[in-house]
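Note: the block below is protein.cif and it holds mmCIF, C-alpha atoms.
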```cif
data_target
loop_
_atom_site.label_atom_id
_atom_site.label_comp_id
_atom_site.auth_asym_id
_atom_site.auth_seq_id
_atom_site.Cartn_x
_atom_site.Cartn_y
_atom_site.Cartn_z
CA MET A 13 -187.97 -39.01 21.74
CA ILE A 14 -185.14 -37.59 19.67
CA LYS A 15 -184.01 -33.97 19.65
CA TYR A 16 -181.86 -33.08 16.66
CA ASN A 17 -179.15 -30.46 16.48
CA ILE A 18 -178.15 -30.38 12.80
CA ARG A 19 -175.62 -27.82 11.68
CA GLY A 20 -173.54 -27.28 8.61
CA GLU A 21 -170.03 -26.01 8.04
CA ASN A 22 -169.36 -24.45 4.64
CA LEU A 23 -172.89 -25.57 3.79
CA GLU A 24 -176.43 -24.35 4.22
CA VAL A 25 -178.52 -27.13 5.74
CA THR A 26 -181.53 -27.35 3.45
CA GLU A 27 -184.88 -28.77 4.49
CA ALA A 28 -184.24 -31.77 2.22
CA ILE A 29 -180.94 -32.63 3.96
CA ARG A 30 -182.44 -31.97 7.41
CA ASP A 31 -185.47 -34.18 6.68
CA TYR A 32 -183.28 -36.95 5.26
CA ALA A 33 -180.93 -36.91 8.26
CA GLU A 34 -183.84 -36.93 10.72
CA LEU A 35 -185.57 -39.75 8.83
CA LYS A 36 -182.47 -41.94 8.74
CA LEU A 37 -181.34 -41.19 12.30
CA GLY A 38 -184.88 -41.83 13.50
CA LYS A 39 -184.13 -45.52 12.86
CA VAL A 40 -181.94 -45.66 15.99
CA GLU A 41 -184.89 -44.68 18.19
CA LYS A 42 -186.19 -48.25 18.01
CA TYR A 43 -183.14 -49.42 19.97
CA PHE A 44 -183.97 -47.29 23.01
CA SER A 45 -186.71 -47.42 25.60
CA SER A 46 -189.56 -44.98 25.04
CA ASP A 47 -188.69 -42.95 28.16
CA VAL A 48 -185.14 -42.21 26.97
CA GLU A 49 -184.60 -38.77 25.47
CA LEU A 50 -181.88 -38.70 22.84
CA ASN A 51 -180.00 -35.54 21.88
CA VAL A 52 -178.52 -36.28 18.47
CA LYS A 53 -175.86 -33.87 17.24
CA VAL A 54 -175.21 -33.91 13.50
CA ASN A 55 -172.41 -31.91 11.92
CA LEU A 56 -172.34 -31.70 8.13
CA LYS A 57 -169.22 -30.37 6.42
CA VAL A 58 -168.28 -29.74 2.83
CA TYR A 59 -164.66 -29.28 1.80
CA ARG A 60 -163.22 -27.56 -1.27
CA GLU A 61 -162.60 -30.86 -2.99
CA ARG A 62 -166.38 -31.43 -3.00
CA THR A 63 -165.99 -33.93 -0.19
CA ALA A 64 -168.84 -34.33 2.29
CA LYS A 65 -168.23 -35.27 5.93
CA VAL A 66 -171.00 -36.29 8.31
CA GLU A 67 -170.37 -36.57 12.07
CA VAL A 68 -173.04 -37.89 14.44
CA THR A 69 -172.73 -37.78 18.23
CA ILE A 70 -175.27 -39.23 20.66
CA PRO A 71 -174.39 -38.64 24.33
CA LEU A 72 -175.85 -41.26 26.71
CA GLY A 73 -174.64 -40.22 30.14
CA GLN A 74 -171.11 -41.58 30.60
CA VAL A 75 -171.11 -43.22 27.16
CA THR A 76 -171.13 -41.40 23.85
CA LEU A 77 -171.98 -43.00 20.52
CA ARG A 78 -170.07 -41.33 17.71
CA ALA A 79 -169.55 -42.05 14.03
CA GLU A 80 -168.35 -40.17 11.01
CA ASP A 81 -168.04 -40.75 7.29
CA VAL A 82 -166.38 -38.89 4.44
CA SER A 83 -167.42 -39.36 0.82
CA GLN A 84 -168.43 -37.47 -2.30
CA ASP A 85 -172.14 -37.81 -1.46
CA MET A 86 -173.75 -36.19 1.61
CA TYR A 87 -176.77 -38.51 1.52
CA GLY A 88 -174.57 -41.60 1.20
CA SER A 89 -172.47 -40.43 4.14
CA ILE A 90 -175.60 -40.03 6.26
CA ASP A 91 -176.62 -43.61 5.41
CA LEU A 92 -173.19 -44.98 6.31
CA VAL A 93 -173.02 -43.06 9.60
CA VAL A 94 -176.42 -44.43 10.65
CA ASP A 95 -175.20 -47.96 9.83
CA LYS A 96 -172.09 -47.38 11.98
CA ILE A 97 -174.14 -46.10 14.93
CA GLU A 98 -176.50 -49.10 14.69
CA ARG A 99 -173.51 -51.45 14.60
CA GLN A 100 -172.07 -49.78 17.72
CA ILE A 101 -175.37 -50.16 19.54
CA ARG A 102 -175.76 -53.84 18.63
CA LYS A 103 -172.15 -54.68 19.41
CA ASN A 104 -171.92 -52.81 22.71
CA LYS A 105 -175.50 -52.94 24.03
CA THR A 106 -174.64 -54.62 27.32
CA LYS A 107 -171.62 -52.43 28.06
CA ILE A 108 -173.46 -49.21 27.22
CA GLU A 109 -176.48 -50.14 29.32
CA LYS A 110 -174.30 -51.10 32.30
CA ARG A 111 -172.39 -47.80 32.23
CA HIS A 112 -175.60 -45.85 31.75
CA ARG A 113 -177.19 -47.61 34.75
CA GLU A 114 -174.15 -46.85 36.92
CA LYS A 115 -174.70 -43.15 36.40
CA LYS A 116 -178.51 -43.11 36.46
CA ALA A 117 -180.59 -45.38 38.65
CA THR A 118 -183.47 -45.32 36.17
CA GLY A 119 -184.81 -48.26 34.19
CA LYS A 120 -183.47 -49.84 31.07
CA LEU A 121 -181.91 -47.83 28.29
CA PHE A 122 -182.55 -50.25 25.41
CA THR A 123 -185.58 -52.18 24.31
CA GLU A 124 -185.20 -55.94 24.59
CA ALA A 125 -186.77 -57.10 21.35
CA LEU A 126 -185.03 -55.01 18.74
CA VAL A 127 -181.37 -55.22 19.65
CA GLU A 128 -179.60 -58.42 18.79
CA GLU A 129 -176.97 -59.25 21.34
CA LYS A 130 -173.72 -60.64 20.03
CA GLY A 131 -171.40 -62.63 22.23
CA THR A 132 -168.25 -60.80 21.26
CA ASP A 133 -166.41 -60.68 24.54
CA VAL A 134 -163.17 -58.77 24.25
CA LYS A 135 -160.28 -60.10 26.25
CA VAL A 136 -157.03 -58.39 27.10
CA VAL A 137 -154.24 -60.38 25.48
CA ARG A 138 -151.36 -58.13 26.40
CA THR A 139 -150.62 -55.73 29.21
CA LYS A 140 -147.92 -53.13 28.97
CA GLN A 141 -146.75 -50.73 31.63
CA VAL A 142 -145.51 -47.34 30.57
CA ASP A 143 -143.26 -44.92 32.42
CA LEU A 144 -144.83 -41.49 32.02
CA LYS A 145 -141.96 -39.06 31.80
CA PRO A 146 -142.68 -35.34 32.00
CA MET A 147 -142.22 -33.75 28.57
CA SER A 148 -143.51 -31.01 26.34
CA LEU A 149 -146.00 -31.54 23.54
CA ASP A 150 -143.21 -31.24 20.94
CA GLU A 151 -141.18 -33.94 22.71
CA ALA A 152 -144.25 -36.18 22.89
CA LEU A 153 -144.88 -35.73 19.15
CA LEU A 154 -141.27 -36.69 18.45
CA GLN A 155 -141.52 -39.74 20.73
CA MET A 156 -144.73 -40.86 19.00
CA GLU A 157 -142.95 -40.68 15.64
CA LEU A 158 -139.91 -42.50 17.00
CA VAL A 159 -141.90 -45.43 18.41
CA GLY A 160 -144.05 -45.59 15.26
CA HIS A 161 -147.40 -45.64 17.05
CA ASP A 162 -150.64 -43.85 16.24
CA PHE A 163 -150.89 -42.52 19.80
CA PHE A 164 -148.65 -41.59 22.72
CA ILE A 165 -149.40 -41.02 26.42
CA TYR A 166 -147.28 -38.63 28.48
CA THR A 167 -147.20 -36.28 31.47
CA ASP A 168 -147.16 -32.59 30.53
CA VAL A 169 -144.06 -30.90 31.94
CA ASP A 170 -145.90 -27.63 32.68
CA THR A 171 -149.18 -28.85 34.18
CA ASN A 172 -148.11 -32.31 35.43
CA ALA A 173 -151.35 -33.67 33.89
CA THR A 174 -151.61 -36.82 31.81
CA HIS A 175 -152.25 -36.27 28.07
CA VAL A 176 -152.67 -38.50 25.04
CA ILE A 177 -151.80 -37.44 21.52
CA TYR A 178 -153.02 -39.39 18.53
CA LYS A 179 -152.88 -39.31 14.75
CA ARG A 180 -156.16 -38.38 13.09
CA GLU A 181 -157.43 -39.73 9.78
CA ASP A 182 -156.93 -36.33 8.17
CA GLY A 183 -153.20 -36.45 8.99
CA ASP A 184 -153.32 -33.97 11.85
CA VAL A 185 -152.74 -34.78 15.52
CA GLY A 186 -155.36 -34.76 18.29
CA LEU A 187 -154.71 -34.08 21.96
CA LEU A 188 -156.72 -35.61 24.82
CA GLU A 189 -156.36 -33.78 28.13
CA ALA A 190 -157.47 -35.41 31.38
CA LYS A 191 -159.62 -33.19 33.59
#
```
Here is the file; what I need is its structure written in the form of structure tokens.
Amino acid sequence: MIKYNIRGENLEVTEAIRDYAELKLGKVEKYFSSDVELNVKVNLKVYRERTAKVEVTIPLGQVTLRAEDVSQDMYGSIDLVVDKIERQIRKNKTKIEKRHREKKATGKLFTEALVEEKGTDVKVVRTKQVDLKPMSLDEALLQMELVGHDFFIYTDVDTNATHVIYKREDGDVGLLEAK
């Protein structure tokens, strides 16, 4: 069973858009066992440039499926996001199910027949150790620019907690704070 939480930013979510999103996202239900309750969060945004952004988040215990797409067409973005979610499920079925089982001792998360399992084992080809020096956010941003990476891990000088900053697709910077 799927519960939908569809909301719009700078946009009124019409019945047509809501029905279309629910219809398309309903396709992912076939990948899950019938006793699994899915809470699908859909965020629809429209920007001034007439650009539509669709974000879909499906929390599954310790694992979260998430996809987003930006285009000129809201309906097309919904289609592409559903394709991305389905690809994530097919590609990571075994990993997701294992992590889900670790948290909940219930039965299987996915149905057996409908998910094709691909043998794409990922192997670590390089290991790098980093020295986490205490620094401020501004210093970490500078360091990220200096090393030319899309992310940077550091220890916050004030809280002594480990943080990760990363470059977002929109050009801004995101901050991940460990709890």
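If you apply the PyMOL selection byres ((chain A and resi 143-151) around 9) to this structure, you end up with Gln141, Val142, Ala152, Leu153, Leu154, Gln155, Met156, Ile165, Tyr166, Thr167, Asp168, Val169, Asp170, Asn172, Thr174 and Ile177 of chain A.
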Could the residues in this selection be written to a file with C-alpha atoms, as a tab-separated table (two decimals), keeping the file's coordinate frame?
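The result, stored in result_31.tsv:
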```
chain	number	residue	atom	x	y	z
A	141	GLN	CA	-146.75	-50.73	31.63
A	142	VAL	CA	-145.51	-47.34	30.57
A	152	ALA	CA	-144.25	-36.18	22.89
A	153	LEU	CA	-144.88	-35.73	19.15
A	154	LEU	CA	-141.27	-36.69	18.45
A	155	GLN	CA	-141.52	-39.74	20.73
A	156	MET	CA	-144.73	-40.86	19.00
A	165	ILE	CA	-149.40	-41.02	26.42
A	166	TYR	CA	-147.28	-38.63	28.48
A	167	THR	CA	-147.20	-36.28	31.47
A	168	ASP	CA	-147.16	-32.59	30.53
A	169	VAL	CA	-144.06	-30.90	31.94
A	170	ASP	CA	-145.90	-27.63	32.68
A	172	ASN	CA	-148.11	-32.31	35.43
A	174	THR	CA	-151.61	-36.82	31.81
A	177	ILE	CA	-151.80	-37.44	21.52
```
Legend entry - Closest of A:Thr139, A:Ser83, A:Gln100, A:Asn22 to Val58 of chain A - atom-to-atom distances counting all atoms listed in the file: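 Looking only at the distances to Val58 of chain A, the closest residue turns out to be A:Asn22.
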Inset, instruction - Rounded to one decimal place, report the atom CA of Val185 of chain A-atom CA of Glu67 of chain A distance in Å. - result: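 Between atom CA of Val185 of chain A and atom CA of Glu67 of chain A the gap works out to 18.1 Å.
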Would you translate the PyMOL selection byres ((chain A and resi 25-31) around 10) into the concrete set of residues it matches in this file, as a PDB file with C-alpha atoms, keeping the file's coordinate frame?
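Output below, filename selection.pdb:
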```
ATOM      1  CA  TYR A  16    -181.860 -33.080  16.660  1.00  0.00           C
ATOM      2  CA  ASN A  17    -179.150 -30.460  16.480  1.00  0.00           C
ATOM      3  CA  ILE A  18    -178.150 -30.380  12.800  1.00  0.00           C
ATOM      4  CA  ARG A  19    -175.620 -27.820  11.680  1.00  0.00           C
ATOM      5  CA  GLY A  20    -173.540 -27.280   8.610  1.00  0.00           C
ATOM      6  CA  GLU A  21    -170.030 -26.010   8.040  1.00  0.00           C
ATOM      7  CA  ASN A  22    -169.360 -24.450   4.640  1.00  0.00           C
ATOM      8  CA  LEU A  23    -172.890 -25.570   3.790  1.00  0.00           C
ATOM      9  CA  GLU A  24    -176.430 -24.350   4.220  1.00  0.00           C
ATOM     10  CA  TYR A  32    -183.280 -36.950   5.260  1.00  0.00           C
ATOM     11  CA  ALA A  33    -180.930 -36.910   8.260  1.00  0.00           C
ATOM     12  CA  GLU A  34    -183.840 -36.930  10.720  1.00  0.00           C
ATOM     13  CA  LEU A  35    -185.570 -39.750   8.830  1.00  0.00           C
ATOM     14  CA  LYS A  36    -182.470 -41.940   8.740  1.00  0.00           C
ATOM     15  CA  LEU A  37    -181.340 -41.190  12.300  1.00  0.00           C
ATOM     16  CA  VAL A  54    -175.210 -33.910  13.500  1.00  0.00           C
ATOM     17  CA  ASN A  55    -172.410 -31.910  11.920  1.00  0.00           C
ATOM     18  CA  LEU A  56    -172.340 -31.700   8.130  1.00  0.00           C
ATOM     19  CA  LYS A  57    -169.220 -30.370   6.420  1.00  0.00           C
ATOM     20  CA  MET A  86    -173.750 -36.190   1.610  1.00  0.00           C
ATOM     21  CA  TYR A  87    -176.770 -38.510   1.520  1.00  0.00           C
ATOM     22  CA  ILE A  90    -175.600 -40.030   6.260  1.00  0.00           C
TER      23      ILE A  90
END
```
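With atom CA of Val75 of chain A on one side and atom CA of His161 of chain A on the other, the separation reads 25.9 Å.
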Inset, instruction - Can you turn the PyMOL selection byres ((chain A and resi 69) around 8) into a concrete residue list for this file, as a ChimeraX atom specification? - result: /A:52-54,67-68,70-71,76-79
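Residue nearest Asp91 of chain A, chosen from A:Gly73, A:Gly160, A:Gly186, A:Gly38 and counting only C-alpha atoms: A:Gly38.
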Inset, instruction - Work out how far apart atom CA of Val40 of chain A and atom CA of Ile14 of chain A are and give it in Å to one decimal. - result: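 Separation between atom CA of Val40 of chain A and atom CA of Ile14 of chain A: 9.4 Å.
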Legend entry - Long-range neighbours of Leu187 of chain A as a list of chain:residue names, 9 Å cut-off, all atoms listed in the file, 4 positions minimum in chain: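 Once the nearby chain positions are removed, what remains is A:His175, A:Val176, A:Ile177, A:Tyr178.
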Legend entry - Residue with smallest distance to Glu181 of chain A - pool A:Asp81, A:Arg102, A:Tyr43, A:Tyr59, counting only C-alpha atoms: A:Asp81
Legend entry - Top pick for closest residue to Asp85 of chain A, considering A:Ser45, A:Thr63, A:Thr106, A:Thr171 and counting all atoms listed in the file: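 Closest residue, counting all atoms listed in the file: A:Thr63.
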Emit as JSON the padded axis-aligned box for all listed atoms of segment 160-172 of chain A, 3 Å per side, with centre and edge lengths in Å to one decimal.
```
{"center_x": -147.5, "center_y": -36.6, "center_z": 25.3, "size_x": 12.8, "size_y": 24.0, "size_z": 26.2}
```
Legend entry - Best match for closeness to Glu98 of chain A among A:Ser46, A:Asn51, A:Glu41, A:Lys179, counting only C-alpha atoms: A:Glu41
Inset, instruction - Would you please work out which residue, of A:Ala190, A:Ala64, A:Ile101, A:Val93, is nearest to Phe44 of chain A when using only C-alpha atoms? - result: A:Ile101
